[in-house]
$ cat protein25.cif   # mmCIF, C-alpha atoms and all ligand atoms
data_structure
#
loop_
_atom_site.label_atom_id
_atom_site.label_comp_id
_atom_site.auth_asym_id
_atom_site.auth_seq_id
_atom_site.Cartn_x
_atom_site.Cartn_y
_atom_site.Cartn_z
CA MET A 1 0.00 0.00 0.00
CA THR A 2 1.28 3.41 -0.79
CA ASN A 3 -0.16 6.67 0.40
CA THR A 4 -0.79 9.40 -2.15
CA ALA A 5 -2.19 11.86 0.37
CA GLN A 6 0.97 13.93 0.85
CA GLY A 7 0.74 14.93 -2.81
CA ASP A 8 4.44 15.69 -3.22
CA LEU A 9 5.27 13.02 -5.77
CA LEU A 10 5.93 15.66 -8.41
CA LEU A 11 7.01 18.58 -6.27
CA LYS A 12 9.97 16.73 -4.74
CA ASN A 13 11.50 17.13 -8.23
CA ILE A 14 11.18 20.89 -7.98
CA ASN A 15 13.83 21.84 -5.43
CA ALA A 16 17.17 23.56 -5.10
CA GLN A 17 19.20 20.56 -6.29
CA ALA A 18 20.61 20.20 -9.77
CA PRO A 19 17.78 19.03 -12.02
CA PHE A 20 17.81 15.47 -13.32
CA PRO A 21 16.21 14.84 -16.72
CA ILE A 22 12.53 14.17 -16.13
CA SER A 23 11.17 12.89 -19.47
CA PHE A 24 12.49 10.18 -21.78
CA ALA A 25 13.36 12.83 -24.39
CA ASP A 26 15.37 14.79 -21.78
CA LEU A 27 17.14 11.60 -20.65
CA GLU A 28 18.03 10.61 -24.20
CA GLN A 29 19.33 14.11 -24.94
CA ALA A 30 21.52 14.13 -21.82
CA ALA A 31 22.86 10.63 -22.61
CA ALA A 32 23.67 11.73 -26.16
CA GLU A 33 25.79 14.52 -24.71
CA LYS A 34 27.53 12.25 -22.22
CA LEU A 35 28.28 9.12 -24.26
CA ALA A 36 30.43 8.70 -27.37
CA ALA A 37 28.54 8.34 -30.67
CA GLY A 38 29.17 4.57 -30.92
CA PRO A 39 27.72 3.47 -27.56
CA PHE A 40 24.93 6.06 -27.66
CA GLY A 41 23.91 5.03 -31.18
CA TYR A 42 24.01 1.37 -30.18
CA ILE A 43 21.68 1.95 -27.22
CA ARG A 44 19.28 4.39 -28.89
CA SER A 45 18.79 2.96 -32.33
CA GLY A 46 16.36 0.51 -33.79
CA ALA A 47 16.76 -1.88 -36.70
CA GLY A 48 16.38 -0.86 -40.34
CA GLY A 49 14.37 2.32 -40.92
CA GLU A 50 13.24 2.27 -37.25
CA GLN A 51 9.57 1.71 -38.07
CA THR A 52 9.26 -0.75 -35.17
CA LEU A 53 10.74 1.84 -32.82
CA ARG A 54 8.14 4.37 -33.99
CA ASN A 55 5.33 1.79 -33.88
CA ASN A 56 6.07 1.18 -30.19
CA ARG A 57 5.54 4.81 -29.29
CA ALA A 58 2.60 5.25 -31.70
CA ALA A 59 0.79 2.32 -30.07
CA PHE A 60 0.91 4.02 -26.66
CA GLU A 61 -0.16 7.34 -28.16
CA ARG A 62 -3.25 5.78 -29.75
CA TYR A 63 -4.78 4.81 -26.40
CA SER A 64 -6.46 7.29 -24.07
CA ILE A 65 -8.00 6.84 -20.65
CA VAL A 66 -11.49 7.92 -19.67
CA PRO A 67 -10.98 8.56 -15.93
CA ARG A 68 -13.46 8.15 -13.09
CA PHE A 69 -13.61 10.41 -10.03
CA LEU A 70 -14.91 10.60 -6.44
CA ASN A 71 -13.46 7.20 -5.51
CA ASP A 72 -11.15 7.97 -2.52
CA VAL A 73 -7.77 7.33 -4.09
CA SER A 74 -5.71 8.25 -1.00
CA THR A 75 -4.32 4.72 -0.75
CA ILE A 76 -3.07 2.85 -3.80
CA ASP A 77 -1.91 -0.76 -3.92
CA THR A 78 0.75 -0.96 -6.63
CA SER A 79 1.97 -4.42 -5.65
CA ILE A 80 1.91 -7.42 -7.96
CA GLU A 81 2.53 -11.12 -7.55
CA LEU A 82 4.74 -13.17 -9.85
CA PHE A 83 5.62 -16.85 -9.35
CA GLY A 84 4.41 -16.74 -5.77
CA LYS A 85 6.35 -13.64 -4.68
CA THR A 86 4.97 -10.17 -4.07
CA TYR A 87 6.74 -7.08 -5.44
CA PRO A 88 5.97 -3.48 -4.52
CA THR A 89 5.68 -2.22 -8.10
CA PRO A 90 4.67 -3.66 -11.48
CA LEU A 91 8.02 -2.50 -12.94
CA LEU A 92 11.00 -4.75 -13.72
CA PHE A 93 14.41 -4.17 -15.26
CA ALA A 94 14.59 -5.46 -18.83
CA PRO A 95 17.65 -7.54 -19.67
CA VAL A 96 20.08 -5.14 -21.32
CA GLY A 97 23.47 -6.40 -22.40
CA MET A 98 26.90 -4.87 -22.10
CA ASN A 99 26.20 -2.22 -19.44
CA GLY A 100 29.93 -1.49 -19.25
CA MET A 101 29.34 0.67 -22.33
CA ALA A 102 27.23 3.06 -20.25
CA HIS A 103 29.11 3.03 -16.93
CA ASP A 104 32.20 1.37 -15.43
CA LYS A 105 30.14 -0.31 -12.72
CA GLY A 106 27.72 -1.62 -15.38
CA GLU A 107 25.34 -4.33 -14.19
CA LEU A 108 26.66 -4.08 -10.61
CA ALA A 109 25.25 -0.55 -10.31
CA VAL A 110 21.91 -1.64 -11.78
CA VAL A 111 21.45 -4.67 -9.53
CA GLU A 112 22.24 -2.53 -6.48
CA ALA A 113 19.52 -0.09 -7.58
CA ALA A 114 17.19 -3.06 -8.13
CA HIS A 115 17.88 -4.30 -4.63
CA HIS A 116 17.36 -0.87 -3.09
CA LEU A 117 14.03 -0.37 -4.90
CA ARG A 118 12.95 -4.03 -4.56
CA ILE A 119 12.47 -4.27 -8.31
CA PRO A 120 13.30 -7.62 -9.98
CA TYR A 121 16.48 -7.54 -12.04
CA ILE A 122 16.86 -9.54 -15.26
CA GLN A 123 20.51 -10.02 -16.15
CA SER A 124 21.50 -10.46 -19.79
CA THR A 125 23.67 -13.33 -21.08
CA VAL A 126 25.85 -10.72 -22.79
CA SER A 127 26.58 -8.73 -19.64
CA THR A 128 29.89 -7.05 -18.87
CA TYR A 129 30.00 -8.59 -15.37
CA SER A 130 29.29 -12.29 -14.78
CA LEU A 131 26.12 -13.56 -13.16
CA GLU A 132 28.19 -14.69 -10.17
CA GLU A 133 29.58 -11.15 -9.73
CA VAL A 134 26.08 -9.71 -9.99
CA ALA A 135 24.75 -12.22 -7.44
CA HIS A 136 27.62 -11.33 -5.12
CA ALA A 137 26.92 -7.57 -5.44
CA ALA A 138 23.26 -7.99 -4.44
CA PRO A 139 22.62 -11.44 -2.97
CA ASP A 140 19.18 -10.46 -1.68
CA ALA A 141 17.86 -8.82 -4.85
CA THR A 142 15.36 -10.82 -6.91
CA LYS A 143 17.32 -11.81 -9.98
CA TRP A 144 16.27 -13.61 -13.17
CA PHE A 145 18.67 -14.71 -15.88
CA GLN A 146 18.08 -13.89 -19.55
CA LEU A 147 19.48 -16.73 -21.61
CA TYR A 148 20.69 -16.45 -25.16
CA TRP A 149 20.83 -19.90 -26.63
CA SER A 150 24.22 -21.07 -27.89
CA THR A 151 25.06 -22.92 -31.10
CA ASN A 152 26.85 -25.32 -28.79
CA GLU A 153 23.87 -26.01 -26.58
CA ASP A 154 25.97 -27.34 -23.73
CA ILE A 155 27.02 -23.71 -23.17
CA ALA A 156 23.35 -22.70 -22.80
CA TYR A 157 22.74 -25.52 -20.29
CA SER A 158 25.90 -24.58 -18.41
CA MET A 159 24.81 -20.94 -18.09
CA ALA A 160 21.31 -21.96 -16.97
CA ALA A 161 22.82 -24.23 -14.30
CA ARG A 162 25.18 -21.48 -13.11
CA ALA A 163 22.23 -19.07 -12.81
CA GLU A 164 20.28 -21.57 -10.73
CA ALA A 165 23.32 -22.22 -8.51
CA ALA A 166 23.87 -18.46 -8.02
CA GLY A 167 20.32 -17.92 -6.76
CA PHE A 168 18.62 -16.59 -9.88
CA GLU A 169 14.90 -17.35 -9.69
CA ALA A 170 13.79 -17.64 -13.32
CA ILE A 171 15.17 -18.10 -16.84
CA VAL A 172 14.08 -15.64 -19.53
CA LEU A 173 14.82 -17.19 -22.90
CA THR A 174 14.88 -14.53 -25.63
CA VAL A 175 13.48 -15.92 -28.87
CA ASP A 176 13.66 -12.89 -31.20
CA THR A 177 17.45 -12.64 -31.47
CA VAL A 178 18.56 -15.82 -33.21
CA MET A 179 20.69 -13.44 -35.27
CA LEU A 180 21.40 -9.73 -34.91
CA GLY A 181 18.89 -7.28 -36.40
CA TRP A 182 19.88 -5.02 -39.31
CA ARG A 183 21.21 -2.08 -37.29
CA GLU A 184 22.39 0.66 -39.63
CA GLU A 185 23.47 3.11 -36.92
CA ASP A 186 26.15 0.65 -35.80
CA VAL A 187 27.47 0.35 -39.36
CA ARG A 188 27.49 4.15 -39.65
CA ASN A 189 29.46 4.39 -36.38
CA GLN A 190 31.53 1.26 -37.11
CA PHE A 191 30.68 0.14 -33.59
CA SER A 192 30.34 -3.41 -32.25
CA PRO A 193 30.37 -3.77 -28.46
CA LEU A 194 30.60 -7.56 -28.92
CA LYS A 195 33.88 -7.18 -30.79
CA LEU A 196 35.13 -4.76 -28.12
CA GLY A 197 34.64 -7.34 -25.36
CA TYR A 198 31.78 -5.68 -23.46
CA ALA A 199 29.87 -8.99 -23.43
CA LYS A 200 32.53 -11.14 -21.88
CA GLY A 201 31.37 -11.53 -18.24
CA ASN A 202 29.39 -14.75 -18.56
CA TYR A 203 31.55 -16.31 -21.28
CA ILE A 204 35.03 -16.05 -19.78
CA ASN A 205 33.60 -17.47 -16.55
CA ASP A 206 31.95 -20.43 -18.25
CA PRO A 207 34.01 -23.62 -18.09
CA VAL A 208 32.12 -25.25 -20.97
CA PHE A 209 32.62 -22.21 -23.24
CA MET A 210 36.26 -21.77 -22.29
CA ALA A 211 36.99 -25.44 -23.01
CA THR A 212 35.85 -24.91 -26.62
CA LEU A 213 38.45 -22.17 -27.31
CA PRO A 214 41.76 -23.02 -29.00
CA ASP A 215 43.54 -20.62 -26.60
CA HIS A 216 42.69 -17.88 -24.12
CA SER A 217 43.53 -14.89 -26.32
CA PHE A 218 41.06 -12.01 -26.66
CA GLU A 219 40.59 -12.83 -30.38
CA SER A 220 39.66 -16.45 -29.62
CA TYR A 221 37.16 -15.34 -27.02
CA VAL A 222 35.49 -12.87 -29.44
CA GLN A 223 35.34 -15.52 -32.18
CA GLY A 224 33.89 -18.00 -29.70
CA VAL A 225 31.12 -15.59 -28.66
CA LEU A 226 30.25 -14.75 -32.27
CA GLN A 227 30.10 -18.46 -33.17
CA ASN A 228 27.73 -19.20 -30.32
CA ILE A 229 25.51 -16.15 -29.81
CA PHE A 230 23.74 -16.42 -33.18
CA HIS A 231 21.72 -19.61 -33.20
CA PRO A 232 19.11 -19.68 -36.01
CA THR A 233 18.29 -23.37 -35.45
CA LEU A 234 16.49 -22.60 -32.16
CA SER A 235 13.20 -24.52 -32.04
CA TRP A 236 10.48 -25.70 -29.66
CA GLU A 237 12.45 -28.93 -29.17
CA ASN A 238 15.29 -26.89 -27.59
CA ILE A 239 12.77 -25.28 -25.26
CA ARG A 240 11.44 -28.66 -24.15
CA GLU A 241 15.00 -29.87 -23.48
CA LEU A 242 15.83 -26.70 -21.49
CA LYS A 243 12.72 -27.28 -19.44
CA ARG A 244 13.88 -30.80 -18.62
CA ARG A 245 17.26 -29.44 -17.48
CA THR A 246 16.26 -26.63 -15.14
CA ASN A 247 14.04 -26.39 -12.09
CA LEU A 248 13.48 -22.68 -12.61
CA PRO A 249 10.38 -21.19 -14.22
CA ILE A 250 11.03 -20.31 -17.87
CA LEU A 251 9.66 -17.21 -19.60
CA LEU A 252 9.87 -16.64 -23.35
CA LYS A 253 10.80 -13.08 -24.30
CA GLY A 254 9.88 -11.64 -27.69
CA ILE A 255 6.49 -13.26 -28.24
CA LEU A 256 4.20 -11.18 -30.51
CA HIS A 257 1.83 -13.70 -32.13
CA PRO A 258 -1.04 -15.24 -30.11
CA GLU A 259 -0.34 -18.64 -31.72
CA ASP A 260 3.23 -18.55 -30.36
CA ALA A 261 1.82 -17.67 -26.95
CA LYS A 262 -0.46 -20.75 -27.14
CA LEU A 263 2.48 -22.94 -28.24
CA ALA A 264 4.53 -21.59 -25.34
CA ILE A 265 1.85 -22.70 -22.90
CA ALA A 266 1.45 -26.07 -24.64
CA ASN A 267 5.21 -26.53 -24.16
CA GLY A 268 5.03 -25.83 -20.44
CA ILE A 269 6.36 -22.27 -20.44
CA ASP A 270 5.70 -20.35 -17.21
CA GLY A 271 5.49 -16.77 -18.47
CA ILE A 272 5.48 -14.61 -21.59
CA ILE A 273 7.22 -11.34 -22.34
CA VAL A 274 5.47 -9.49 -25.14
CA SER A 275 8.27 -7.52 -26.76
CA ASN A 276 9.82 -6.54 -30.06
CA HIS A 277 13.21 -6.04 -28.40
CA GLY A 278 12.72 -2.29 -28.28
CA GLY A 279 12.59 -2.16 -32.10
CA ARG A 280 16.14 -3.48 -32.37
CA GLN A 281 15.49 -6.78 -34.14
CA LEU A 282 12.98 -6.99 -37.03
CA ASP A 283 11.97 -3.65 -38.52
CA GLY A 284 8.36 -3.08 -39.55
CA VAL A 285 6.96 -5.04 -36.61
CA VAL A 286 3.73 -4.36 -34.75
CA GLY A 287 4.09 -2.12 -31.69
CA SER A 288 4.28 -4.35 -28.61
CA LEU A 289 1.22 -2.69 -27.03
CA ASP A 290 -0.78 -3.43 -30.20
CA ALA A 291 0.24 -7.09 -29.96
CA LEU A 292 -0.83 -7.32 -26.31
CA PRO A 293 -4.66 -7.65 -26.40
CA ALA A 294 -4.68 -10.74 -28.66
CA ILE A 295 -2.05 -12.39 -26.46
CA VAL A 296 -3.97 -11.58 -23.29
CA GLU A 297 -6.99 -13.25 -24.88
CA ALA A 298 -5.02 -16.31 -26.04
CA VAL A 299 -3.26 -16.78 -22.69
CA ASN A 300 -6.48 -16.31 -20.74
CA GLY A 301 -4.77 -15.93 -17.36
CA GLN A 302 -2.85 -19.23 -17.55
CA VAL A 303 0.59 -17.63 -17.14
CA PRO A 304 1.80 -14.10 -16.34
CA ILE A 305 2.28 -11.67 -19.22
CA ILE A 306 4.96 -8.99 -19.08
CA LEU A 307 5.30 -6.27 -21.73
CA ASP A 308 8.20 -4.14 -22.88
CA SER A 309 9.27 -1.90 -25.76
CA GLY A 310 8.51 1.79 -25.50
CA VAL A 311 7.41 2.00 -21.85
CA TYR A 312 8.94 5.41 -21.23
CA ARG A 313 6.65 6.92 -18.61
CA GLY A 314 4.30 5.90 -15.85
CA MET A 315 1.28 6.47 -18.07
CA ASP A 316 2.65 3.96 -20.61
CA ALA A 317 2.93 1.36 -17.86
CA LEU A 318 -0.64 2.16 -16.83
CA LYS A 319 -1.96 1.55 -20.35
CA ALA A 320 -0.17 -1.80 -20.64
CA LEU A 321 -1.52 -2.91 -17.24
CA ALA A 322 -5.01 -1.72 -18.17
CA LEU A 323 -4.83 -3.82 -21.35
CA GLY A 324 -3.99 -6.92 -19.34
CA ALA A 325 -0.23 -7.06 -18.77
CA ASP A 326 0.75 -8.22 -15.27
CA ALA A 327 3.95 -6.15 -15.27
CA VAL A 328 6.20 -4.15 -17.59
CA THR A 329 9.95 -4.18 -18.07
CA ILE A 330 11.94 -1.02 -18.67
CA GLY A 331 14.91 -0.89 -21.07
CA ARG A 332 16.52 2.26 -22.44
CA PRO A 333 15.31 4.66 -19.72
CA PHE A 334 17.36 2.93 -17.01
CA VAL A 335 20.37 2.62 -19.32
CA TYR A 336 20.36 6.38 -19.82
CA GLY A 337 20.06 6.88 -16.06
CA LEU A 338 23.04 4.54 -15.60
CA ALA A 339 25.09 6.48 -18.14
CA LEU A 340 24.27 9.80 -16.46
CA ALA A 341 24.73 8.96 -12.79
CA GLY A 342 25.39 5.26 -12.13
CA GLN A 343 23.27 3.55 -9.48
CA GLU A 344 21.78 6.86 -8.38
CA GLY A 345 20.75 7.69 -11.95
CA VAL A 346 19.08 4.28 -12.35
CA GLU A 347 17.18 4.82 -9.09
CA LYS A 348 16.11 8.31 -10.13
CA VAL A 349 14.72 7.10 -13.47
CA MET A 350 12.84 4.16 -11.96
CA THR A 351 11.50 6.27 -9.08
CA ASN A 352 10.15 8.89 -11.46
CA LEU A 353 8.46 6.21 -13.58
CA TYR A 354 6.96 4.70 -10.45
CA ASP A 355 5.83 8.04 -9.02
CA GLU A 356 4.16 9.00 -12.29
CA LEU A 357 2.46 5.60 -12.34
CA LYS A 358 1.13 6.11 -8.79
CA VAL A 359 -0.22 9.57 -9.58
CA SER A 360 -1.76 8.22 -12.78
CA ILE A 361 -3.48 5.24 -11.14
CA ALA A 362 -5.04 7.60 -8.62
CA LEU A 363 -6.05 10.23 -11.19
CA ALA A 364 -7.56 7.54 -13.43
CA GLY A 365 -9.80 6.61 -10.49
CA ALA A 366 -8.33 3.20 -9.64
CA THR A 367 -6.77 2.05 -6.37
CA SER A 368 -4.76 -1.00 -7.43
CA VAL A 369 -3.01 -2.58 -10.38
CA LYS A 370 -5.79 -5.15 -10.61
CA ALA A 371 -8.46 -2.44 -10.64
CA LEU A 372 -6.77 -0.87 -13.67
CA ARG A 373 -8.21 -3.73 -15.74
CA ASN A 374 -11.65 -2.18 -15.23
CA ILE A 375 -10.89 1.35 -16.34
CA THR A 376 -12.16 2.63 -19.66
CA LEU A 377 -9.73 3.04 -22.55
CA VAL A 378 -10.48 4.42 -26.00
CA LYS A 379 -8.38 3.70 -29.08
CA ASN A 380 -7.99 6.39 -31.71
CA ASP A 381 -7.56 3.99 -34.56
CA ARG A 382 -6.89 6.01 -37.66
CA THR A 383 -6.40 2.93 -39.77
CA ASP A 384 -8.60 3.97 -42.75
CA VAL A 385 -7.27 2.32 -45.87
CA LYS A 386 -7.88 3.96 -49.23
C1 LIG A 401 21.46 -1.55 -25.36
C2 LIG A 401 20.44 -2.66 -25.31
C3 LIG A 401 20.86 -3.96 -25.12
C4 LIG A 401 19.93 -5.00 -25.03
N1 LIG A 401 20.37 -6.26 -24.76
C5 LIG A 401 19.48 -7.26 -24.61
C6 LIG A 401 19.91 -8.55 -24.24
O1 LIG A 401 21.08 -8.80 -24.03
N2 LIG A 401 18.96 -9.52 -24.13
C7 LIG A 401 17.63 -9.28 -24.35
O2 LIG A 401 16.82 -10.19 -24.23
N3 LIG A 401 17.19 -8.06 -24.67
C8 LIG A 401 18.09 -7.04 -24.79
N4 LIG A 401 17.64 -5.78 -25.08
C9 LIG A 401 16.20 -5.54 -25.23
C10 LIG A 401 15.54 -5.21 -23.88
O3 LIG A 401 15.47 -6.32 -23.04
C11 LIG A 401 14.10 -4.71 -24.08
O4 LIG A 401 13.36 -5.67 -24.81
C12 LIG A 401 14.01 -3.39 -24.78
O5 LIG A 401 15.05 -2.52 -24.41
C13 LIG A 401 12.67 -2.77 -24.43
O6 LIG A 401 12.46 -1.62 -25.11
P1 LIG A 401 12.73 -0.16 -24.51
O7 LIG A 401 14.21 0.05 -24.58
O8 LIG A 401 11.99 0.65 -25.50
O9 LIG A 401 12.19 -0.12 -23.10
C14 LIG A 401 18.55 -4.72 -25.17
C15 LIG A 401 18.14 -3.39 -25.34
C16 LIG A 401 19.06 -2.37 -25.41
C17 LIG A 401 18.56 -0.96 -25.55
O1 LIG A 402 21.76 -5.37 -28.51
C1 LIG A 402 20.81 -6.09 -28.27
O2 LIG A 402 19.65 -5.68 -28.31
C2 LIG A 402 21.02 -7.50 -27.96
O3 LIG A 402 20.11 -8.06 -27.45
C3 LIG A 402 22.23 -8.27 -28.29
C4 LIG A 402 22.11 -9.48 -28.92
C5 LIG A 402 23.23 -10.23 -29.22
C6 LIG A 402 24.48 -9.77 -28.92
C7 LIG A 402 24.59 -8.56 -28.29
C8 LIG A 402 23.47 -7.82 -27.94
#
$ encode --input "protein25.cif" --output "structure tokens"
Amino acid sequence: MTNTAQGDLLLKNINAQAPFPISFADLEQAAAEKLAAGPFGYIRSGAGGEQTLRNNRAAFERYSIVPRFLNDVSTIDTSIELFGKTYPTPLLFAPVGMNGMAHDKGELAVVEAAHHLRIPYIQSTVSTYSLEEVAHAAPDATKWFQLYWSTNEDIAYSMAARAEAAGFEAIVLTVDTVMLGWREEDVRNQFSPLKLGYAKGNYINDPVFMATLPDHSFESYVQGVLQNIFHPTLSWENIRELKRRTNLPILLKGILHPEDAKLAIANGIDGIIVSNHGGRQLDGVVGSLDALPAIVEAVNGQVPIILDSGVYRGMDALKALALGADAVTIGRPFVYGLALAGQEGVEKVMTNLYDELKVSIALAGATSVKALRNITLVKNDRTDVK
């Protein structure tokens, strides 16, 4: 339960201290000034002509709320339950690779923020620090591990086993990145964080991966990662085998089609993340929010549904929750916060998102995340075709 009666959720940002960027546009602008062109372009950009990136934002802009009043909204319950545990907010950290590009402390700073705010942290396979280092930095934080499959599947099983041993509580298998999207900004900037070694944390600490290398030179490690990270043969059979090999719940990240959601459930998957990878994989893809309603219908409450891609303010989170998501994950906003001010910057960004969400739930006339399902939304669907 959180009290909205003091009414200072916004005004605490208007004080004598140096201002911190408040909107996503302000954050992105400040990060552009702070980071070199290569890393900034890598984080910001989408694939191809960036239609997917635009579709994500357009989908949120098409929905509007019809609020209700006179409901006593002085106390709001923003908590949610996932896999039997209760969390204070419906926000999670999206798995974002190679955080060393944004800040020296990388994932360690983010997991400490996650612990402080009691927000679940999803660590990427391609992280700068290893999952053991992250677990050591915040042993009590709720941590999930995002798995990228490996061409040599024993490496994938090894990483999943390490995550379980280190206290991670779920596996998030990303299905939309069997190869890298067509990212023109990185070609323009001649920038590959993989080739620069920002993804090494989990690989150089993996005995199965290391045993496959001809030697321990930097070049051999980079070649080894590139040979394994792209895995176009991934299929439902691999998912069934992973399920046999881990005791952890498995979520599939990157589901957009209701038929894939149904197949996921038929194959024993425990949760679904509706996502188009923040527009970084296939260009010309449906905005994630537009994909959500059909998936909510297909899943019919059997497993939790999490949404990401374009959740840049509290009101975006509210719309996703109102349309049936159980939680949302946040990507670029926290990465910009990390680049600007490390752990403190991550906390600032997530706190602002959360505070805006609280104000918005109350002003929409709801008193809990569950109650958001009952609020009225209208869709301005200008889809007339000539
Ligand atoms: C720099 C960057 C790196 C990412 N790395 C990964 C990753 O390693 N694994 C993964 O599943 N998703 C990765 N993602 C995608 C995020 O998990 C998430 O789907 C996306 O950022 C959500 O969109 P948003 O940035 O618009 O919030 C990455 C995103 C960014 C911006
Ligand atoms: O940059 C990304 O979005 C990402 O997920 C990724 C995928 C493979 C290698 C490195 C990063």
$ closest_residue --input "protein25.cif" --among "A:Ser235, A:Leu252, A:Ala58, A:Gly100" --to "Gln146 of chain A" --atoms "all atoms listed in the file"
A:Leu252
$ residues_near_point --input "protein25.cif" --point "(27.8, 8.0, -20.9)" --cutoff "6 Å" --atoms "all atoms listed in the file" --output "list in words"
Ala31, Lys34, Leu35, Ala102, Ala339 and Leu340 of chain A
$ closest_residue --input "protein25.cif" --among "A:Ser309, A:Asn189, A:Thr174, A:Gln123" --to "Asn56 of chain A" --atoms "all atoms listed in the file"
A:Ser309
$ residues_near_point --input "protein25.cif" --point "(28.3, -12.6, -21.8)" --cutoff "6 Å" --atoms "all atoms listed in the file" --output "list in words"
Thr125, Val126, Ser127, Ala199, Lys200, Gly201, Asn202 and Tyr203 of chain A
$ write_last_selection --input "protein25.cif" --atoms "C-alpha atoms" --output "tab-separated table (two decimals), keeping the file's coordinate frame"
chain	number	residue	atom	x	y	z
A	125	THR	CA	23.67	-13.33	-21.08
A	126	VAL	CA	25.85	-10.72	-22.79
A	127	SER	CA	26.58	-8.73	-19.64
A	199	ALA	CA	29.87	-8.99	-23.43
A	200	LYS	CA	32.53	-11.14	-21.88
A	201	GLY	CA	31.37	-11.53	-18.24
A	202	ASN	CA	29.39	-14.75	-18.56
A	203	TYR	CA	31.55	-16.31	-21.28
$ atom_distance --input "protein25.cif" --atom1 "atom CA of Ala165 of chain A" --atom2 "atom C13 of ligand LIG 401 (chain A)"
27.3 Å
$ closest_atom_pairs --input "protein25.cif" --of "chain A" --to "ligand LIG 402 (chain A)" --cutoff "8 Å" --atoms "all atoms listed in the file" --output "tab-separated table"
residue	atom	partner	partner_atom	distance
A:Tyr42	CA	A:LIG402	O1	7.3
A:Ile43	CA	A:LIG402	O1	7.4
A:Val96	CA	A:LIG402	O3	6.8
A:Gly97	CA	A:LIG402	C8	5.7
A:Met98	CA	A:LIG402	C8	7.4
A:Val126	CA	A:LIG402	C7	6.0
A:Tyr148	CA	A:LIG402	C5	7.9
A:Thr177	CA	A:LIG402	C4	6.2
A:Met179	CA	A:LIG402	C5	7.3
A:Leu180	CA	A:LIG402	C5	6.0
A:Pro193	CA	A:LIG402	C7	7.5
A:Leu194	CA	A:LIG402	C7	6.1
A:Ala199	CA	A:LIG402	C7	7.2
A:Ile229	CA	A:LIG402	C5	6.4
A:Phe230	CA	A:LIG402	C5	7.4
A:His277	CA	A:LIG402	O2	6.5
A:Gly278	CA	A:LIG402	O2	7.7
A:Arg280	CA	A:LIG402	O2	5.8
A:Gln281	CA	A:LIG402	O2	7.2
$ write_last_selection --input "protein25.cif" --atoms "C-alpha atoms" --output "JSON list (two decimals), keeping the file's coordinate frame"
[["chain", "number", "residue", "atom", "x", "y", "z"],
["A", 42, "TYR", "CA", 24.01, 1.37, -30.18],
["A", 43, "ILE", "CA", 21.68, 1.95, -27.22],
["A", 96, "VAL", "CA", 20.08, -5.14, -21.32],
["A", 97, "GLY", "CA", 23.47, -6.40, -22.40],
["A", 98, "MET", "CA", 26.90, -4.87, -22.10],
["A", 126, "VAL", "CA", 25.85, -10.72, -22.79],
["A", 148, "TYR", "CA", 20.69, -16.45, -25.16],
["A", 177, "THR", "CA", 17.45, -12.64, -31.47],
["A", 179, "MET", "CA", 20.69, -13.44, -35.27],
["A", 180, "LEU", "CA", 21.40, -9.73, -34.91],
["A", 193, "PRO", "CA", 30.37, -3.77, -28.46],
["A", 194, "LEU", "CA", 30.60, -7.56, -28.92],
["A", 199, "ALA", "CA", 29.87, -8.99, -23.43],
["A", 229, "ILE", "CA", 25.51, -16.15, -29.81],
["A", 230, "PHE", "CA", 23.74, -16.42, -33.18],
["A", 277, "HIS", "CA", 13.21, -6.04, -28.40],
["A", 278, "GLY", "CA", 12.72, -2.29, -28.28],
["A", 280, "ARG", "CA", 16.14, -3.48, -32.37],
["A", 281, "GLN", "CA", 15.49, -6.78, -34.14]]
$ closest_residue --input "protein25.cif" --among "A:Val286, A:Ala364, A:Val349, A:Val66" --to "Asp26 of chain A" --atoms "all atoms listed in the file"
A:Val349
$ axis_aligned_box --input "protein25.cif" --around "ligand LIG 401 (chain A)" --padding-each-side "5 Å" --output "AutoDock Vina command-line options"
--center_x 16.7 --center_y -4.8 --center_z -24.3 --size_x 19.5 --size_y 20.8 --size_z 12.5
$ residues_around --input "protein25.cif" --residues "Leu131 of chain A" --least-positions-apart "3" --cutoff "10 Å" --atoms "only C-alpha atoms" --output "PDB file with C-alpha atoms, in the frame of the given file"
ATOM      1  CA  GLU A 107      25.340  -4.330 -14.190  1.00  0.00           C
ATOM      2  CA  LEU A 108      26.660  -4.080 -10.610  1.00  0.00           C
ATOM      3  CA  GLN A 123      20.510 -10.020 -16.150  1.00  0.00           C
ATOM      4  CA  SER A 124      21.500 -10.460 -19.790  1.00  0.00           C
ATOM      5  CA  THR A 125      23.670 -13.330 -21.080  1.00  0.00           C
ATOM      6  CA  SER A 127      26.580  -8.730 -19.640  1.00  0.00           C
ATOM      7  CA  THR A 128      29.890  -7.050 -18.870  1.00  0.00           C
ATOM      8  CA  VAL A 134      26.080  -9.710  -9.990  1.00  0.00           C
ATOM      9  CA  ALA A 135      24.750 -12.220  -7.440  1.00  0.00           C
ATOM     10  CA  HIS A 136      27.620 -11.330  -5.120  1.00  0.00           C
ATOM     11  CA  ALA A 137      26.920  -7.570  -5.440  1.00  0.00           C
ATOM     12  CA  LYS A 143      17.320 -11.810  -9.980  1.00  0.00           C
ATOM     13  CA  TRP A 144      16.270 -13.610 -13.170  1.00  0.00           C
ATOM     14  CA  PHE A 145      18.670 -14.710 -15.880  1.00  0.00           C
ATOM     15  CA  MET A 159      24.810 -20.940 -18.090  1.00  0.00           C
ATOM     16  CA  ARG A 162      25.180 -21.480 -13.110  1.00  0.00           C
ATOM     17  CA  ALA A 163      22.230 -19.070 -12.810  1.00  0.00           C
ATOM     18  CA  ALA A 166      23.870 -18.460  -8.020  1.00  0.00           C
ATOM     19  CA  GLY A 167      20.320 -17.920  -6.760  1.00  0.00           C
ATOM     20  CA  PHE A 168      18.620 -16.590  -9.880  1.00  0.00           C
ATOM     21  CA  GLY A 201      31.370 -11.530 -18.240  1.00  0.00           C
ATOM     22  CA  ASN A 202      29.390 -14.750 -18.560  1.00  0.00           C
ATOM     23  CA  ASN A 205      33.600 -17.470 -16.550  1.00  0.00           C
TER      24      ASN A 205
END
